[in-house]
Amino acid sequence: MKILVCISHVPDTTSKINFTNGDAEFDTNGVQFVINPNDEFGLTRAIWFQEQQGANVTVVNVGGADTEPTLRKALAIGANEAIRVNANPTDGFFVATQLAEVIKNGGYDLVIAGKESLDYNGGMVPGMIAGLLGYNFLNSCIGITVDGNAVKASREIDGGKETVSTSLPLIIGGQKGLVEEKDLRIPNMRGIMTARTKALTILEPVTASSETKAVKFEKPAPKSAVKLYTVDQLDELVNALHNEAKVI
Amino acid sequence: MSILIYAESAEGKFKKVAFELASYAKKVAGDLGTTVTAVTVNAGNISELSKYGVDKVLKVNSDKLSGFNAKAYADVVKQAAEKENVKLVLLSSTTDSLYMAPLVAVALKAGYASNVVGLPVSTSPFQVKRNAFSNKAFNITEIATEVKVLGLAKNSYGVYENASSLTEEDFNPSLNDADFSVKVESTEKTTGKVTIADADIVVSGGRGLKGPENWGMLEEMASVLGAATACSKPVSDLGWRPHSEHVGQTGKPVATNLYIAVGISGAIQHIAGINSSKVKLVINSDADAPFFKVADYGVVGDAFEIVPKLTEKLKAFKAQNS
Ligand SMILES: Cc1cc2nc3c(=O)[nH]c(=O)nc-3n(C[C@H](O)[C@H](O)[C@H](O)COP(=O)(O)OP(=O)(O)OC[C@H]3O[C@@H](n4cnc5c(N)ncnc54)[C@H](O)[C@@H]3O)c2cc1C
């Protein structure tokens, strides 16, 4: 089985979010970038397939040279090879178009993306790839097994989960549950050393339209201070929730 | 040229998000000088949509579509959009709608903006405000394509009545085998409980509650409020509560009217998931807990003393006001 894991390179959650250039660009100054957490679950699941069922795992990112440390980390975790599509991602459709091209040319059976990336939280890319290629698609995937061409998987639904069956080739938008957090792989010294010798291929982008563009960013208005009540003022609190906040 | 909404229903009944979406569509349609068409799948009481300004309903009734299937439902919405020649398709942010939205967008060659949090900032050029960076910022996005798909974030607009006279039409989209290449074998639902996805109020507990045996008091408060229960990540990692209740960046997002956090410190990863809730009430023994910085209301003190007392007050309030 050939597996492609789509890796989004995102600011670590604890990063301060600031903008520059008249609030038109994200300020990367002092920001540490990591593998998107949803993608990390997918990557570990892919490595599991590699070890248990003999799969070849490629990781891919659409981004500038600055994202290579993130791809190297994925190689250190155990991916066999990496691809970087050398382009600045402008919107979800642009990224999906580049990834669809990589998938078509690489003949991947299973494509694992995260259900959303934690920077723009778009939740667009995996579904758009599926739409572009006409492949089977499962979103919010929390478990998957593959037997030959047959796939059994589970996905989260509002208020529960469902079990589905489908077949390869398949794109999934994955999340926690694909593996548990305690089972996430982290690079060890041997992994880091061998990652240096693994292939990182750079591809030039295909032309694709950007259907949307981020024109400006804003930060939420500063919050007014919390209103504190003591344990003896709970009547006042209930009153405020009803009359002022109007939530009960 | 109308606006199309997909009015989501479950077991024949419209979800609240369908009414929020209709309310939103009505306002945008007013600004654009057009009307609102809804497409429904196996929904029962269609006329309910007229309360919220829907002018026309394309009714799909099909056994094949008895359960949600993203590819097939996306095909339905696409064909409805083409039939009505719409330029704007609106979807909500339930797990199902988020699943199908990118498929709809690609099929219609439409630019898609998700997590939209309010009315368009401008309609020409077409710009919307969206949540980004796990609710730590907003992003104004311009959509350049002729046809546009918007995903409205939950509870970001509200439900407004605006009566219309509605026409109904049966709609029979053509579906093919490929639409059903993902088959649902079984579904497990938490029954008899308010779920986080449907709740207007969520009562959530953190490690400060010390152990699973202490959740009874939160469940009681939740039942008085008709609320769902939730928890912080360590609580589900420790197995005190099911994973389905874990909220935050790696858990479920919560966009409710009221989020009550008990014994939760307010770590950034937790806040990321609940930040778009409108009103936050925090109960914590540590006056310096970071959660108080983002809270609207707070009580500093021991949860084991405060929660039962507050529940009694809420019970009395409900008894008086129902
Ligand atoms: C990559 C990553 C992703 C993460 N994702 C999430 C996520 O999605 N969701 C999430 O929740 N966390 C997440 N976390 C973990 C997060 O950083 C915090 O560790 C977690 O939110 C803390 O949970 P807590 O507040 O329940 O526990 P604690 O930090 O232990 O805080 C307990 C709080 O309870 C208070 N308390 C104690 N006793 C009482 C009492 N008797 N009465 C009242 N208050 C009391 C304390 O003052 C304290 O503030 C993530 C972390 C990482 C690194």
# chains A, B, ... in the order shown; residues from 1 in each chain; ligands from 1

call {"tool": "residues_around", "arguments": {"residues": "region 173-189 of chain B", "least_positions_apart": "2", "cutoff": "7 Å", "atoms": "only C-alpha atoms", "output": "number ranges by chain"}}
result
A: 136, 159-166; B: 71-72, 76, 79, 171, 191

call {"tool": "residues_near_ligand", "arguments": {"ligand": "ligand 1", "cutoff": "6 Å", "atoms": "only C-alpha atoms and all ligand atoms", "output": "VMD selection string"}}
result
chain B and resid 206 to 208 232 to 234 247 to 251 263 to 267 269 to 270 283 to 286 289 301 to 304

call {"tool": "atom_distance", "arguments": {"atom1": "CA of Ser114 (chain B)", "atom2": "CA of Leu150 (chain B)"}}
result
5.9 Å

call {"tool": "select_by_dssp", "arguments": {"residues": "region 90-130 of chain A", "states": "alpha helix (DSSP H)", "output": "list of chain:residue names"}}
result
A:Gly92, A:Phe93, A:Phe94, A:Val95, A:Ala96, A:Thr97, A:Gln98, A:Leu99, A:Ala100, A:Glu101, A:Val102, A:Ile103, A:Lys104, A:Asn105, A:Gly106, A:Val125, A:Pro126, A:Gly127, A:Met128, A:Ile129, A:Ala130

call {"tool": "write_last_selection", "arguments": {"atoms": "N, CA, C and O atoms", "output": "tab-separated table (two decimals), in the first residue's frame"}}
result
chain	number	residue	atom	x	y	z
A	92	GLY	N	-7.17	27.15	0.52
A	92	GLY	CA	-7.37	25.71	0.60
A	92	GLY	C	-7.46	25.07	-0.78
A	92	GLY	O	-6.93	23.97	-1.00
A	93	PHE	N	-8.11	25.74	-1.71
A	93	PHE	CA	-8.28	25.17	-3.05
A	93	PHE	C	-6.94	25.06	-3.76
A	93	PHE	O	-6.66	24.05	-4.43
A	94	PHE	N	-6.09	26.06	-3.59
A	94	PHE	CA	-4.76	26.02	-4.20
A	94	PHE	C	-3.98	24.82	-3.66
A	94	PHE	O	-3.39	24.04	-4.42
A	95	VAL	N	-3.99	24.64	-2.35
A	95	VAL	CA	-3.26	23.52	-1.73
A	95	VAL	C	-3.83	22.19	-2.22
A	95	VAL	O	-3.09	21.28	-2.61
A	96	ALA	N	-5.18	22.10	-2.24
A	96	ALA	CA	-5.81	20.85	-2.68
A	96	ALA	C	-5.44	20.53	-4.13
A	96	ALA	O	-5.21	19.37	-4.48
A	97	THR	N	-5.37	21.56	-4.98
A	97	THR	CA	-5.01	21.33	-6.38
A	97	THR	C	-3.59	20.77	-6.50
A	97	THR	O	-3.34	19.84	-7.27
A	98	GLN	N	-2.67	21.33	-5.71
A	98	GLN	CA	-1.28	20.83	-5.75
A	98	GLN	C	-1.22	19.39	-5.25
A	98	GLN	O	-0.54	18.55	-5.84
A	99	LEU	N	-1.94	19.12	-4.16
A	99	LEU	CA	-1.89	17.77	-3.58
A	99	LEU	C	-2.54	16.75	-4.51
A	99	LEU	O	-2.06	15.63	-4.67
A	100	ALA	N	-3.63	17.16	-5.17
A	100	ALA	CA	-4.31	16.25	-6.10
A	100	ALA	C	-3.35	15.85	-7.22
A	100	ALA	O	-3.34	14.69	-7.66
A	101	GLU	N	-2.54	16.78	-7.66
A	101	GLU	CA	-1.57	16.50	-8.73
A	101	GLU	C	-0.53	15.48	-8.23
A	101	GLU	O	-0.20	14.52	-8.94
A	102	VAL	N	-0.03	15.70	-7.02
A	102	VAL	CA	0.95	14.77	-6.44
A	102	VAL	C	0.35	13.36	-6.33
A	102	VAL	O	0.99	12.35	-6.65
A	103	ILE	N	-0.91	13.31	-5.91
A	103	ILE	CA	-1.58	12.02	-5.69
A	103	ILE	C	-1.78	11.28	-7.02
A	103	ILE	O	-1.52	10.08	-7.14
A	104	LYS	N	-2.23	12.03	-8.01
A	104	LYS	CA	-2.47	11.44	-9.34
A	104	LYS	C	-1.17	10.85	-9.89
A	104	LYS	O	-1.14	9.73	-10.37
A	105	ASN	N	-0.10	11.63	-9.78
A	105	ASN	CA	1.16	11.17	-10.35
A	105	ASN	C	1.83	10.08	-9.53
A	105	ASN	O	2.58	9.27	-10.05
A	106	GLY	N	1.53	10.06	-8.23
A	106	GLY	CA	2.21	9.11	-7.35
A	106	GLY	C	1.44	7.81	-7.17
A	106	GLY	O	1.97	6.85	-6.63
A	125	VAL	N	-9.16	21.17	2.80
A	125	VAL	CA	-8.23	20.50	1.88
A	125	VAL	C	-8.59	19.04	1.60
A	125	VAL	O	-8.71	18.66	0.43
A	126	PRO	N	-8.80	18.18	2.64
A	126	PRO	CA	-9.06	16.78	2.29
A	126	PRO	C	-10.30	16.60	1.40
A	126	PRO	O	-10.25	15.86	0.42
A	127	GLY	N	-11.38	17.28	1.73
A	127	GLY	CA	-12.60	17.16	0.93
A	127	GLY	C	-12.41	17.69	-0.49
A	127	GLY	O	-12.93	17.11	-1.45
A	128	MET	N	-11.65	18.76	-0.61
A	128	MET	CA	-11.43	19.31	-1.94
A	128	MET	C	-10.59	18.37	-2.80
A	128	MET	O	-10.85	18.21	-3.99
A	129	ILE	N	-9.58	17.73	-2.19
A	129	ILE	CA	-8.78	16.75	-2.95
A	129	ILE	C	-9.72	15.65	-3.47
A	129	ILE	O	-9.67	15.26	-4.63
A	130	ALA	N	-10.57	15.17	-2.56
A	130	ALA	CA	-11.49	14.09	-2.94
A	130	ALA	C	-12.41	14.54	-4.06
A	130	ALA	O	-12.65	13.80	-5.02

call {"tool": "interface_residues", "arguments": {"of": "chain A", "to": "chain B", "cutoff": "7 Å", "atoms": "only C-alpha atoms", "output": "count of residues only"}}
result
45

call {"tool": "atom_distance", "arguments": {"atom1": "CA of Ala55 (chain A)", "atom2": "CA of Ala150 (chain A)"}}
result
15.1 Å

call {"tool": "select_by_dssp", "arguments": {"residues": "region 25-172 of chain A", "states": "strand (DSSP E or B)", "output": "number ranges by chain"}}
result
A: 25-26, 33-35, 56-62, 81-85, 110-114, 136-147, 150-157, 160-167, 170-172

call {"tool": "write_last_selection", "arguments": {"atoms": "N, CA and C atoms", "output": "short mmCIF file (atom, residue, chain, number, x, y, z; two decimals), in the first residue's frame"}}
result
data_model
loop_
_atom_site.label_atom_id
_atom_site.label_comp_id
_atom_site.auth_asym_id
_atom_site.auth_seq_id
_atom_site.Cartn_x
_atom_site.Cartn_y
_atom_site.Cartn_z
N GLU A 25 -0.72 40.27 7.03
CA GLU A 25 0.04 39.02 7.08
C GLU A 25 0.25 38.54 8.50
N PHE A 26 0.33 37.23 8.63
CA PHE A 26 0.63 36.62 9.92
C PHE A 26 2.10 36.89 10.26
N PHE A 33 7.05 26.56 14.74
CA PHE A 33 6.13 25.80 13.91
C PHE A 33 6.23 24.31 14.21
N VAL A 34 5.11 23.64 14.11
CA VAL A 34 5.05 22.20 14.41
C VAL A 34 4.23 21.48 13.34
N ILE A 35 4.26 20.15 13.38
CA ILE A 35 3.35 19.36 12.54
C ILE A 35 1.94 19.58 13.09
N ASN A 56 4.36 1.84 2.22
CA ASN A 56 5.36 2.86 1.98
C ASN A 56 4.71 4.20 2.28
N VAL A 57 5.36 4.99 3.13
CA VAL A 57 4.75 6.24 3.60
C VAL A 57 5.52 7.46 3.09
N THR A 58 4.81 8.29 2.34
CA THR A 58 5.38 9.55 1.87
C THR A 58 4.67 10.69 2.59
N VAL A 59 5.42 11.70 2.99
CA VAL A 59 4.77 12.89 3.55
C VAL A 59 4.92 14.03 2.56
N VAL A 60 3.94 14.93 2.55
CA VAL A 60 3.97 16.03 1.59
C VAL A 60 3.51 17.32 2.26
N ASN A 61 4.13 18.40 1.84
CA ASN A 61 3.70 19.72 2.31
C ASN A 61 3.77 20.68 1.14
N VAL A 62 2.81 21.58 1.07
CA VAL A 62 2.86 22.66 0.09
C VAL A 62 3.37 23.88 0.86
N GLU A 81 9.75 8.78 2.65
CA GLU A 81 10.25 9.89 1.83
C GLU A 81 9.34 11.10 1.98
N ALA A 82 9.84 12.24 1.49
CA ALA A 82 9.08 13.48 1.65
C ALA A 82 9.05 14.25 0.34
N ILE A 83 7.97 14.98 0.16
CA ILE A 83 7.82 15.85 -1.02
C ILE A 83 7.45 17.23 -0.52
N ARG A 84 8.09 18.24 -1.07
CA ARG A 84 7.65 19.61 -0.81
C ARG A 84 7.26 20.24 -2.14
N VAL A 85 6.02 20.72 -2.22
CA VAL A 85 5.61 21.45 -3.41
C VAL A 85 5.97 22.91 -3.14
N LEU A 110 -3.91 5.33 -0.25
CA LEU A 110 -4.55 5.94 0.91
C LEU A 110 -3.90 7.29 1.16
N VAL A 111 -4.73 8.32 1.23
CA VAL A 111 -4.21 9.67 1.51
C VAL A 111 -4.78 10.10 2.85
N ILE A 112 -3.88 10.41 3.78
CA ILE A 112 -4.33 10.81 5.12
C ILE A 112 -4.00 12.29 5.32
N ALA A 113 -5.04 13.08 5.52
CA ALA A 113 -4.85 14.49 5.86
C ALA A 113 -5.51 14.71 7.22
N GLY A 114 -5.27 15.85 7.82
CA GLY A 114 -5.96 16.17 9.06
C GLY A 114 -7.30 16.80 8.74
N ASN A 136 -12.97 8.20 -3.01
CA ASN A 136 -13.79 8.05 -1.80
C ASN A 136 -13.22 8.94 -0.70
N PHE A 137 -14.10 9.41 0.16
CA PHE A 137 -13.68 10.39 1.16
C PHE A 137 -14.39 10.17 2.48
N LEU A 138 -13.61 10.23 3.55
CA LEU A 138 -14.16 10.09 4.90
C LEU A 138 -13.63 11.22 5.75
N ASN A 139 -14.49 11.99 6.35
CA ASN A 139 -14.02 13.08 7.20
C ASN A 139 -14.17 12.71 8.67
N SER A 140 -13.48 13.44 9.53
CA SER A 140 -13.54 13.22 10.99
C SER A 140 -13.30 11.76 11.31
N CYS A 141 -12.33 11.17 10.64
CA CYS A 141 -12.07 9.74 10.77
C CYS A 141 -11.35 9.46 12.09
N ILE A 142 -11.85 8.48 12.85
CA ILE A 142 -11.27 8.18 14.16
C ILE A 142 -10.81 6.71 14.26
N GLY A 143 -10.78 6.04 13.14
CA GLY A 143 -10.28 4.66 13.17
C GLY A 143 -10.32 4.09 11.76
N ILE A 144 -9.30 3.31 11.39
CA ILE A 144 -9.30 2.75 10.03
C ILE A 144 -8.50 1.46 9.98
N THR A 145 -9.05 0.45 9.29
CA THR A 145 -8.29 -0.75 8.99
C THR A 145 -8.44 -1.03 7.50
N VAL A 146 -7.39 -1.60 6.92
CA VAL A 146 -7.39 -1.87 5.48
C VAL A 146 -7.05 -3.34 5.28
N ASP A 147 -7.87 -4.01 4.44
CA ASP A 147 -7.61 -5.41 4.12
C ASP A 147 -7.72 -5.53 2.60
N ALA A 150 -10.26 -3.36 0.70
CA ALA A 150 -11.45 -3.07 1.50
C ALA A 150 -11.07 -2.28 2.75
N VAL A 151 -11.87 -1.28 3.04
CA VAL A 151 -11.60 -0.41 4.19
C VAL A 151 -12.78 -0.47 5.15
N LYS A 152 -12.47 -0.63 6.42
CA LYS A 152 -13.47 -0.44 7.48
C LYS A 152 -12.97 0.74 8.29
N ALA A 153 -13.85 1.64 8.60
CA ALA A 153 -13.40 2.83 9.32
C ALA A 153 -14.51 3.33 10.21
N SER A 154 -14.14 4.22 11.14
CA SER A 154 -15.18 4.86 11.94
C SER A 154 -14.95 6.35 11.89
N ARG A 155 -16.03 7.08 12.06
CA ARG A 155 -15.88 8.53 12.05
C ARG A 155 -16.80 9.14 13.09
N GLU A 156 -16.40 10.29 13.53
CA GLU A 156 -17.18 10.97 14.55
C GLU A 156 -18.39 11.63 13.89
N ILE A 157 -19.54 11.54 14.54
CA ILE A 157 -20.71 12.30 14.10
C ILE A 157 -21.18 13.11 15.31
N GLY A 160 -22.07 11.11 18.65
CA GLY A 160 -21.75 9.69 18.57
C GLY A 160 -20.72 9.36 17.50
N LYS A 161 -20.75 8.11 17.05
CA LYS A 161 -19.85 7.74 15.96
C LYS A 161 -20.53 6.74 15.05
N GLU A 162 -19.99 6.59 13.84
CA GLU A 162 -20.54 5.59 12.95
C GLU A 162 -19.43 4.77 12.33
N THR A 163 -19.79 3.54 11.96
CA THR A 163 -18.84 2.65 11.32
C THR A 163 -19.19 2.59 9.85
N VAL A 164 -18.19 2.69 9.00
CA VAL A 164 -18.47 2.68 7.56
C VAL A 164 -17.57 1.67 6.87
N SER A 165 -17.99 1.28 5.65
CA SER A 165 -17.11 0.47 4.82
C SER A 165 -16.96 1.18 3.49
N THR A 166 -15.78 1.07 2.91
CA THR A 166 -15.54 1.66 1.60
C THR A 166 -14.31 0.97 1.01
N SER A 167 -13.75 1.56 -0.03
CA SER A 167 -12.59 0.89 -0.66
C SER A 167 -11.54 1.92 -1.05
N LEU A 170 -8.63 6.07 -1.26
CA LEU A 170 -9.45 6.78 -0.28
C LEU A 170 -8.67 7.96 0.28
N ILE A 171 -9.39 9.05 0.51
CA ILE A 171 -8.82 10.21 1.20
C ILE A 171 -9.50 10.29 2.57
N ILE A 172 -8.74 10.46 3.63
CA ILE A 172 -9.41 10.71 4.91
C ILE A 172 -8.97 12.04 5.51
#

call {"tool": "atom_distance", "arguments": {"atom1": "CA of Asn239 (chain A)", "atom2": "CA of Gly273 (chain B)"}}
result
27.2 Å
